[in-house]
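Structure file protein_17.txt (compact mmCIF, C-alpha atoms and all ligand atoms) follows.
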# COMPACT_ATOMS: atom_id res chain seq x y z
CA MET C 331 22.67 57.60 -71.98
CA THR C 332 23.51 61.07 -70.62
CA VAL C 333 21.22 63.91 -69.70
CA GLN C 334 21.25 66.41 -72.62
CA GLY C 335 22.16 70.04 -72.21
CA THR C 336 23.89 72.91 -74.00
CA ASP C 337 27.63 72.58 -74.66
CA SER C 338 28.57 74.90 -71.81
CA ALA C 339 26.18 73.15 -69.44
CA SER C 340 27.70 69.80 -70.49
CA ALA C 341 31.22 71.07 -69.88
CA ALA C 342 30.24 72.42 -66.46
CA ARG C 343 28.59 69.14 -65.61
CA ALA C 344 31.57 67.09 -66.77
CA ALA C 345 33.84 69.20 -64.56
CA PHE C 346 31.40 68.75 -61.68
CA TYR C 347 31.39 64.96 -62.17
CA ARG C 348 35.22 64.91 -62.05
CA GLU C 349 35.19 66.95 -58.88
CA ILE C 350 32.73 64.77 -56.99
CA ASP C 351 34.33 61.61 -58.36
CA ARG C 352 37.23 62.12 -55.94
CA LEU C 353 34.73 61.87 -53.08
CA ALA C 354 33.26 58.63 -54.48
CA LEU C 355 30.07 60.40 -55.47
CA THR C 356 28.15 59.69 -58.67
CA PRO C 357 25.12 61.53 -60.11
CA LEU C 358 22.08 59.28 -60.12
CA TRP C 359 20.54 61.03 -63.13
CA GLU C 360 23.24 59.63 -65.42
CA VAL C 361 22.49 56.01 -64.47
CA LEU C 362 18.84 56.04 -63.45
CA HIS C 363 17.48 54.31 -66.58
CA ALA C 364 19.98 51.49 -66.28
CA LEU C 365 19.31 51.08 -62.55
CA VAL C 366 15.54 50.88 -62.94
CA PRO C 367 14.87 49.41 -66.39
CA PRO C 368 11.27 49.36 -67.62
CA GLN C 369 11.58 45.60 -67.86
CA PRO C 370 14.25 42.98 -67.14
CA ASN C 371 17.21 43.31 -69.45
CA SER C 372 19.28 40.33 -68.39
CA PRO C 373 22.90 40.28 -69.50
CA CYS C 374 22.59 36.47 -69.75
CA VAL C 375 22.02 34.80 -73.09
CA PRO C 376 20.22 31.56 -73.91
CA ALA C 377 22.69 28.70 -74.30
CA LEU C 378 22.69 24.98 -75.09
CA TRP C 379 25.27 22.38 -74.05
CA LYS C 380 24.96 19.19 -76.11
CA PHE C 381 25.91 16.19 -74.01
CA ALA C 382 27.66 14.65 -77.00
CA ASP C 383 29.99 17.69 -77.04
CA VAL C 384 30.57 17.85 -73.29
CA LYS C 385 30.93 14.19 -72.28
CA PRO C 386 34.27 13.55 -74.07
CA HIS C 387 35.77 16.57 -72.28
CA LEU C 388 34.48 15.42 -68.92
CA LEU C 389 36.02 11.99 -69.51
CA ARG C 390 39.26 13.70 -70.57
CA ALA C 391 39.17 15.66 -67.30
CA GLY C 392 38.87 12.23 -65.67
CA GLU C 393 42.25 11.31 -67.20
CA LEU C 394 43.91 14.58 -66.25
CA ILE C 395 42.88 14.96 -62.61
CA THR C 396 41.50 12.69 -59.89
CA ALA C 397 38.34 13.55 -57.95
CA ASP C 398 40.48 13.67 -54.82
CA GLU C 399 42.93 16.15 -56.35
CA ALA C 400 40.20 18.29 -57.88
CA VAL C 401 38.02 18.02 -54.72
CA ARG C 402 35.11 18.26 -57.16
CA ARG C 403 35.78 17.34 -60.81
CA VAL C 404 33.29 19.61 -62.51
CA LEU C 405 33.04 21.46 -65.79
CA ILE C 406 31.06 24.61 -65.08
CA LEU C 407 28.25 25.52 -67.48
CA GLU C 408 29.11 29.20 -67.82
CA ASN C 409 26.70 31.55 -69.44
CA PRO C 410 28.48 32.64 -72.66
CA ALA C 411 27.72 36.27 -71.82
CA LEU C 412 29.12 35.94 -68.27
CA ARG C 413 32.41 34.14 -68.89
CA GLY C 414 34.71 34.11 -65.88
CA GLN C 415 31.88 34.49 -63.38
CA SER C 416 31.21 30.78 -62.80
CA CYS C 417 27.47 31.15 -63.23
CA ILE C 418 24.77 30.13 -65.68
CA THR C 419 22.43 32.98 -64.70
CA GLN C 420 23.13 35.95 -62.43
CA SER C 421 21.75 33.99 -59.45
CA LEU C 422 22.55 30.34 -60.26
CA TYR C 423 25.56 28.11 -60.71
CA ALA C 424 25.43 24.90 -62.78
CA GLY C 425 28.07 22.32 -63.59
CA LEU C 426 28.50 18.73 -64.72
CA GLN C 427 30.41 16.54 -62.29
CA LEU C 428 32.16 13.25 -63.05
CA ILE C 429 33.08 10.59 -60.52
CA LEU C 430 34.92 7.51 -61.73
CA PRO C 431 34.77 4.01 -60.24
CA GLY C 432 36.76 3.75 -57.01
CA GLU C 433 36.96 7.53 -56.47
CA ILE C 434 36.01 9.63 -53.45
CA ALA C 435 35.16 13.33 -53.56
CA PRO C 436 36.24 14.37 -50.05
CA SER C 437 33.86 15.58 -47.37
CA HIS C 438 33.28 19.27 -46.83
CA ARG C 439 30.46 21.65 -46.02
CA HIS C 440 29.48 25.16 -47.04
CA THR C 441 26.61 27.58 -46.67
CA GLN C 442 25.77 27.25 -50.38
CA SER C 443 22.94 24.75 -51.01
CA ALA C 444 23.32 22.19 -53.78
CA LEU C 445 21.13 19.97 -55.87
CA ARG C 446 22.33 16.94 -57.83
CA PHE C 447 20.40 15.76 -60.85
CA ILE C 448 21.71 12.44 -62.12
CA VAL C 449 22.41 12.52 -65.85
CA ASP C 450 24.59 9.59 -66.95
CA GLY C 451 25.55 6.29 -65.31
CA ARG C 452 24.34 4.86 -62.02
CA GLY C 453 25.53 3.42 -58.74
CA ALA C 454 27.66 6.23 -57.30
CA TRP C 455 26.65 7.49 -53.87
CA THR C 456 26.52 10.78 -52.06
CA ALA C 457 26.50 11.11 -48.29
CA VAL C 458 24.80 13.88 -46.35
CA ASP C 459 24.61 14.13 -42.60
CA GLY C 460 25.48 10.48 -41.97
CA GLU C 461 23.32 8.87 -44.66
CA ARG C 462 24.22 7.69 -48.14
CA THR C 463 21.96 7.50 -51.17
CA THR C 464 22.71 5.62 -54.39
CA MET C 465 22.34 7.64 -57.58
CA GLN C 466 20.05 6.53 -60.42
CA PRO C 467 19.49 8.54 -63.61
CA GLY C 468 16.79 11.17 -63.13
CA ASP C 469 17.08 11.25 -59.33
CA PHE C 470 16.98 14.70 -57.72
CA ILE C 471 19.17 14.76 -54.60
CA ILE C 472 19.63 17.62 -52.12
CA THR C 473 22.70 18.77 -50.19
CA PRO C 474 21.31 21.29 -47.66
CA SER C 475 23.29 24.33 -46.58
CA TRP C 476 26.08 23.61 -44.09
CA THR C 477 25.77 19.79 -44.18
CA TRP C 478 28.85 17.58 -44.54
CA HIS C 479 28.84 15.89 -47.92
CA ASP C 480 31.12 13.51 -49.80
CA HIS C 481 30.59 11.45 -52.92
CA GLY C 482 31.94 8.06 -53.91
CA ASN C 483 31.71 5.35 -56.50
CA PRO C 484 32.23 1.57 -56.09
CA ARG C 485 35.34 0.12 -57.72
CA ALA C 486 34.98 -1.25 -61.26
CA GLU C 487 35.37 -4.83 -59.90
CA GLU C 488 32.31 -4.15 -57.75
CA GLY C 489 30.31 -2.89 -60.72
CA GLY C 490 31.20 0.80 -60.51
CA GLU C 491 30.87 2.85 -63.70
CA PRO C 492 31.53 6.53 -64.50
CA VAL C 493 28.68 8.68 -63.19
CA ILE C 494 27.89 12.22 -64.32
CA TRP C 495 25.43 14.54 -62.66
CA LEU C 496 24.27 18.12 -62.89
CA ASP C 497 25.12 20.29 -59.88
CA GLY C 498 22.88 23.29 -59.23
CA LEU C 499 23.98 25.69 -56.51
CA ASP C 500 22.96 29.10 -55.18
CA ILE C 501 26.60 30.25 -55.26
CA PRO C 502 25.95 33.66 -56.90
CA MET C 503 23.20 34.46 -54.36
CA VAL C 504 25.41 33.61 -51.38
CA ARG C 505 28.24 35.59 -52.98
CA PHE C 506 25.88 38.54 -53.50
CA PHE C 507 25.13 38.56 -49.78
CA ASP C 508 28.80 37.95 -48.84
CA ALA C 509 27.53 35.20 -46.56
CA GLY C 510 29.65 32.22 -47.59
CA PHE C 511 31.45 29.91 -45.15
CA ALA C 512 33.13 26.57 -45.89
CA GLU C 513 35.23 23.95 -44.14
CA ASN C 514 36.76 20.54 -44.83
CA LEU C 515 36.27 17.43 -42.74
CA PRO C 516 39.65 16.04 -41.62
CA GLN C 517 38.61 12.58 -42.88
CA LYS C 518 37.95 11.86 -46.59
CA THR C 519 34.48 10.49 -45.84
CA GLN C 520 32.06 11.15 -43.04
CA PRO C 521 31.00 8.21 -40.87
CA VAL C 522 27.82 6.45 -41.96
CA ALA C 523 25.35 6.82 -39.11
CA ARG C 524 22.08 5.57 -40.64
CA ALA C 525 20.96 2.88 -43.06
CA GLU C 526 20.38 3.95 -46.66
CA GLY C 527 16.72 4.83 -47.21
CA THR C 528 16.09 6.03 -43.64
CA SER C 529 15.25 9.56 -44.79
CA ALA C 530 12.97 8.20 -47.54
CA ALA C 531 11.05 6.09 -45.00
CA ARG C 532 10.86 8.83 -42.41
CA TYR C 533 9.91 11.73 -44.64
CA GLY C 534 9.18 10.44 -48.13
CA ALA C 535 6.20 8.10 -47.69
CA ASN C 536 3.43 10.71 -47.21
CA LEU C 537 4.09 10.43 -43.48
CA LEU C 538 6.20 12.38 -41.01
CA PRO C 539 7.52 11.60 -37.53
CA VAL C 540 4.85 12.52 -34.94
CA ARG C 541 6.99 15.17 -33.29
CA TYR C 542 8.58 16.30 -36.55
CA GLU C 543 11.32 18.88 -36.35
CA SER C 544 12.98 19.98 -39.55
CA PRO C 545 16.43 18.37 -39.70
CA HIS C 546 17.75 20.96 -42.17
CA GLY C 547 15.98 24.23 -41.41
CA ALA C 548 14.29 25.64 -44.50
CA THR C 549 15.38 22.68 -46.66
CA SER C 550 13.25 19.61 -47.33
CA PRO C 551 13.97 16.58 -45.14
CA ILE C 552 13.83 14.39 -48.26
CA PHE C 553 17.33 13.46 -49.38
CA ASN C 554 16.59 11.81 -52.73
CA TYR C 555 13.47 12.31 -54.87
CA PRO C 556 13.77 9.16 -57.00
CA TYR C 557 13.04 9.35 -60.71
CA ALA C 558 10.94 6.18 -60.72
CA ARG C 559 8.20 7.84 -58.64
CA THR C 560 8.36 11.15 -60.48
CA ARG C 561 8.13 9.40 -63.84
CA GLU C 562 5.14 7.34 -62.75
CA ALA C 563 3.23 10.47 -61.69
CA LEU C 564 3.96 12.22 -65.00
CA ALA C 565 2.93 9.17 -67.04
CA LYS C 566 -0.41 8.90 -65.21
CA LEU C 567 -1.20 12.58 -65.64
CA ALA C 568 -0.18 12.57 -69.32
CA ARG C 569 -2.58 9.68 -69.88
CA ASP C 570 -5.54 10.78 -67.77
CA ALA C 571 -5.48 14.52 -67.06
CA PRO C 572 -5.81 17.66 -69.20
CA LEU C 573 -2.58 19.03 -70.67
CA ASP C 574 -1.45 22.56 -69.93
CA PRO C 575 -1.03 24.34 -73.31
CA TRP C 576 2.23 25.99 -72.14
CA ASP C 577 3.81 23.35 -69.91
CA GLY C 578 2.36 19.98 -70.93
CA VAL C 579 2.36 18.19 -67.58
CA LYS C 580 4.55 20.12 -65.15
CA LEU C 581 4.99 19.44 -61.45
CA ARG C 582 7.14 21.14 -58.89
CA TYR C 583 9.07 19.19 -56.29
CA VAL C 584 7.82 19.83 -52.77
CA ASN C 585 9.04 19.94 -49.19
CA PRO C 586 6.42 17.58 -47.66
CA ALA C 587 6.71 19.23 -44.25
CA ASN C 588 5.51 22.65 -45.38
CA GLY C 589 4.32 22.45 -48.98
CA GLY C 590 7.06 24.82 -50.11
CA TYR C 591 9.98 24.31 -52.44
CA PRO C 592 12.55 21.67 -51.48
CA MET C 593 15.32 24.25 -51.11
CA PRO C 594 15.01 27.81 -49.79
CA THR C 595 16.84 29.31 -52.76
CA ILE C 596 16.10 26.93 -55.65
CA ALA C 597 12.85 25.59 -57.11
CA THR C 598 12.93 22.33 -59.05
CA PHE C 599 10.47 21.02 -61.59
CA MET C 600 9.83 18.01 -63.78
CA GLN C 601 7.62 18.11 -66.86
CA LEU C 602 6.44 15.81 -69.60
CA LEU C 603 5.67 16.96 -73.13
CA PRO C 604 3.71 14.37 -75.13
CA ALA C 605 5.07 13.41 -78.56
CA GLY C 606 4.11 16.13 -81.06
CA PHE C 607 3.31 18.70 -78.32
CA GLU C 608 3.72 22.35 -79.41
CA GLY C 609 3.83 24.46 -76.26
CA LYS C 610 2.64 28.07 -76.29
CA PRO C 611 5.20 30.79 -75.46
CA TYR C 612 5.67 32.19 -71.95
CA ARG C 613 8.17 34.32 -70.10
CA SER C 614 9.04 34.62 -66.45
CA THR C 615 11.54 36.52 -64.34
CA ASP C 616 13.10 33.34 -62.98
CA GLY C 617 15.84 32.39 -65.44
CA THR C 618 15.71 28.60 -65.69
CA VAL C 619 18.18 25.77 -66.29
CA PHE C 620 16.87 22.67 -68.09
CA SER C 621 18.25 19.12 -68.10
CA VAL C 622 16.75 16.85 -70.75
CA VAL C 623 15.90 13.44 -69.34
CA GLU C 624 13.99 11.79 -72.18
CA GLY C 625 13.02 12.54 -75.76
CA ARG C 626 13.99 14.89 -78.53
CA GLY C 627 12.43 18.32 -78.91
CA ARG C 628 12.97 21.97 -79.62
CA ALA C 629 13.14 25.09 -77.45
CA ARG C 630 12.52 28.44 -79.12
CA ILE C 631 13.81 31.30 -77.00
CA GLU C 632 13.48 34.95 -78.02
CA ARG C 633 13.72 38.54 -76.84
CA ASP C 634 13.56 41.78 -78.83
CA GLY C 635 13.75 40.05 -82.20
CA THR C 636 16.72 37.85 -81.26
CA ARG C 637 15.82 34.19 -81.49
CA HIS C 638 17.63 31.01 -80.49
CA VAL C 639 16.38 27.62 -81.63
CA PHE C 640 17.75 24.70 -79.62
CA ASP C 641 17.19 21.14 -80.82
CA PHE C 642 17.64 19.04 -77.74
CA GLU C 643 17.98 15.36 -76.92
CA PRO C 644 18.52 13.41 -73.70
CA LYS C 645 21.28 14.66 -71.34
CA ASP C 646 21.51 18.04 -73.10
CA HIS C 647 21.34 21.18 -70.95
CA PHE C 648 20.06 24.62 -71.79
CA VAL C 649 19.33 27.90 -70.04
CA VAL C 650 16.48 30.34 -70.55
CA PRO C 651 17.37 33.76 -69.06
CA SER C 652 14.91 35.97 -67.20
CA TRP C 653 12.13 37.46 -69.32
CA TRP C 654 13.09 35.76 -72.60
CA ARG C 655 10.05 34.17 -74.25
CA VAL C 656 10.29 30.42 -74.50
CA SER C 657 8.17 27.75 -76.14
CA LEU C 658 8.85 24.04 -75.88
CA ALA C 659 7.99 21.50 -78.56
CA ALA C 660 8.36 17.74 -78.42
CA ILE C 661 9.21 15.38 -81.27
CA ASP C 662 9.14 12.25 -79.09
CA GLU C 663 7.62 12.17 -75.64
CA CYS C 664 9.97 14.43 -73.65
CA VAL C 665 10.76 14.66 -69.95
CA LEU C 666 12.55 17.81 -68.74
CA PHE C 667 13.99 18.61 -65.32
CA SER C 668 14.49 22.29 -64.53
CA PHE C 669 15.52 24.61 -61.71
CA SER C 670 15.35 28.34 -60.99
CA ASP C 671 15.59 30.96 -58.23
CA ARG C 672 11.79 31.18 -57.99
CA PRO C 673 11.54 30.75 -54.18
CA VAL C 674 13.69 33.81 -53.62
CA GLN C 675 11.77 35.96 -56.10
CA GLN C 676 8.48 34.85 -54.53
CA ALA C 677 9.76 35.61 -51.04
CA LEU C 678 10.67 39.10 -52.26
CA GLY C 679 7.33 39.54 -54.05
CA ILE C 680 9.00 40.27 -57.41
CA LEU C 681 8.28 37.12 -59.42
CA ARG C 682 6.38 37.85 -62.64
CA GLU C 683 5.32 35.52 -65.38
CA GLU C 684 3.31 35.94 -68.52
CA ARG C 685 1.67 33.22 -70.57
CA LEU C 686 1.36 34.38 -74.16
CA PRO C 687 -1.27 33.23 -76.65
C1 LIG R 1 30.45 21.48 -54.32
O1 LIG R 1 30.63 21.31 -53.02
C2 LIG R 1 30.04 20.44 -55.12
O2 LIG R 1 29.78 18.97 -53.31
C3 LIG R 1 29.84 20.63 -56.46
O3 LIG R 1 29.71 18.14 -55.27
C4 LIG R 1 30.04 21.85 -57.04
C5 LIG R 1 30.72 24.16 -56.82
C6 LIG R 1 31.18 25.17 -56.07
C7 LIG R 1 31.35 25.02 -54.72
C8 LIG R 1 31.12 23.82 -54.12
C9 LIG R 1 29.83 19.08 -54.52
C10 LIG R 1 30.49 22.92 -56.26
C11 LIG R 1 30.68 22.74 -54.89
Represent the supplied structure as structure tokens.
Ligand code: 1HN
Amino acid sequence: MTVQGTDSASAARAAFYREIDRLALTPLWEVLHALVPPQPNSPCVPALWKFADVKPHLLRAGELITADEAVRRVLILENPALRGQSCITQSLYAGLQLILPGEIAPSHRHTQSALRFIVDGRGAWTAVDGERTTMQPGDFIITPSWTWHDHGNPRAEEGGEPVIWLDGLDIPMVRFFDAGFAENLPQKTQPVARAEGTSAARYGANLLPVRYESPHGATSPIFNYPYARTREALAKLARDAPLDPWDGVKLRYVNPANGGYPMPTIATFMQLLPAGFEGKPYRSTDGTVFSVVEGRGRARIERDGTRHVFDFEPKDHFVVPSWWRVSLAAIDECVLFSFSDRPVQQALGILREERLP
């Protein structure tokens, strides 16, 4: 939109704009509305990735390139309105990673933080800071900023099977701040320095070391939040506690040392929708990525008269951009994992959400 004027005024202004352009100057009044919109106007669109569509291509990638060669064999979930930008929202990256039996994804570290949410298969491991954890479907695993990490999978003879997980990273945020560093470890894998489960015992049993000091700065000391415990909590609450009309039963993952989110840049959630649940619509400024763990259901997502209806089933992924209205309905009992940039918006004091009738 341009500021209106008479023809001669417009011509004079256009000449003026050309003149100042050479000095890298731009008139604010021509762009003000776009810079400060009355409400969020995300360029992202809602999108759904059916696992049945994606899995064959991931397995094909497994034939075309090794994990070692690829470093990370991932198909990025790119927002259809942001192709080429390697992101699912303006602030978040998401991808589906495959590791085959006998493979190693070599050790490296970077300032970007990562979450792994295990989608398909079991028994692969990831190592962080000298400890390994074995992946089970529904586990939420953290790779804190600047920690060495490598992934591996036992050979087929030892019971290894293909494992696929969702990666969530704060790549666009780190890129925005131009604050990214990365390096490779000379060895393929880092040495194992602690027994598996040490972090769970030390930090994940409603106890902390007496003289606790955060091992990973602003990131939770818990390495793996296992699905079994999450699922048990949801089942109990679905049975015995009131349902939220918007969310069903929805819990956020927590850093037990400070009550905050597990990662400084990404919030993670798990929710249960009872069979037949029809959630009320809501909208929030934190665009959110969903991974369907259990059950079939429907997400209705709309903004300004544009509506997307996503029928989802287990292992499907979908994204709800900032300030689109969403309502979630369950056919069967559904369990949904999700993540967003909520901690950052809260730290900045700009998070808004609205629960609609
Ligand atoms: C990364 O290190 C992993 O460690 C996955 O598995 C995805 C995307 C961009 C940059 C680094 C991993 C990544 C990544």
Checklist entry - Residues at most 8 Å from ligand LIG 1 (chain R), using all atoms listed in the file? Could they come as a ChimeraX atom specification? => result /C:402,404,423-425,427,435,437-440,442,444,446,473,479-481,497-499,501
Checklist entry - C:Leu686, C:Val584, C:Ile406, C:Val623: which is nearest Phe447 (chain C), counting only C-alpha atoms? => result C:Val623
Checklist outcome for this item: CA of Gly490 (chain C) to CA of Pro431 (chain C) measures 4.8 Å
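From CA of Pro521 (chain C) back to CA of Val458 (chain C), the distance works out to 10.0 Å.
Computed from the coordinates, the CA of Phe381 (chain C) to CA of Ser670 (chain C) distance equals 20.7 Å.
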Next on the checklist: Set the distance at 10 Å and use only C-alpha atoms: which residues neighbour Ala597 (chain C) once local chain neighbours fewer than 4 positions away are removed? I'd like the list as a ChimeraX atom specification.
Outcome noted: /C:582-584,590-593,616,618,668-674
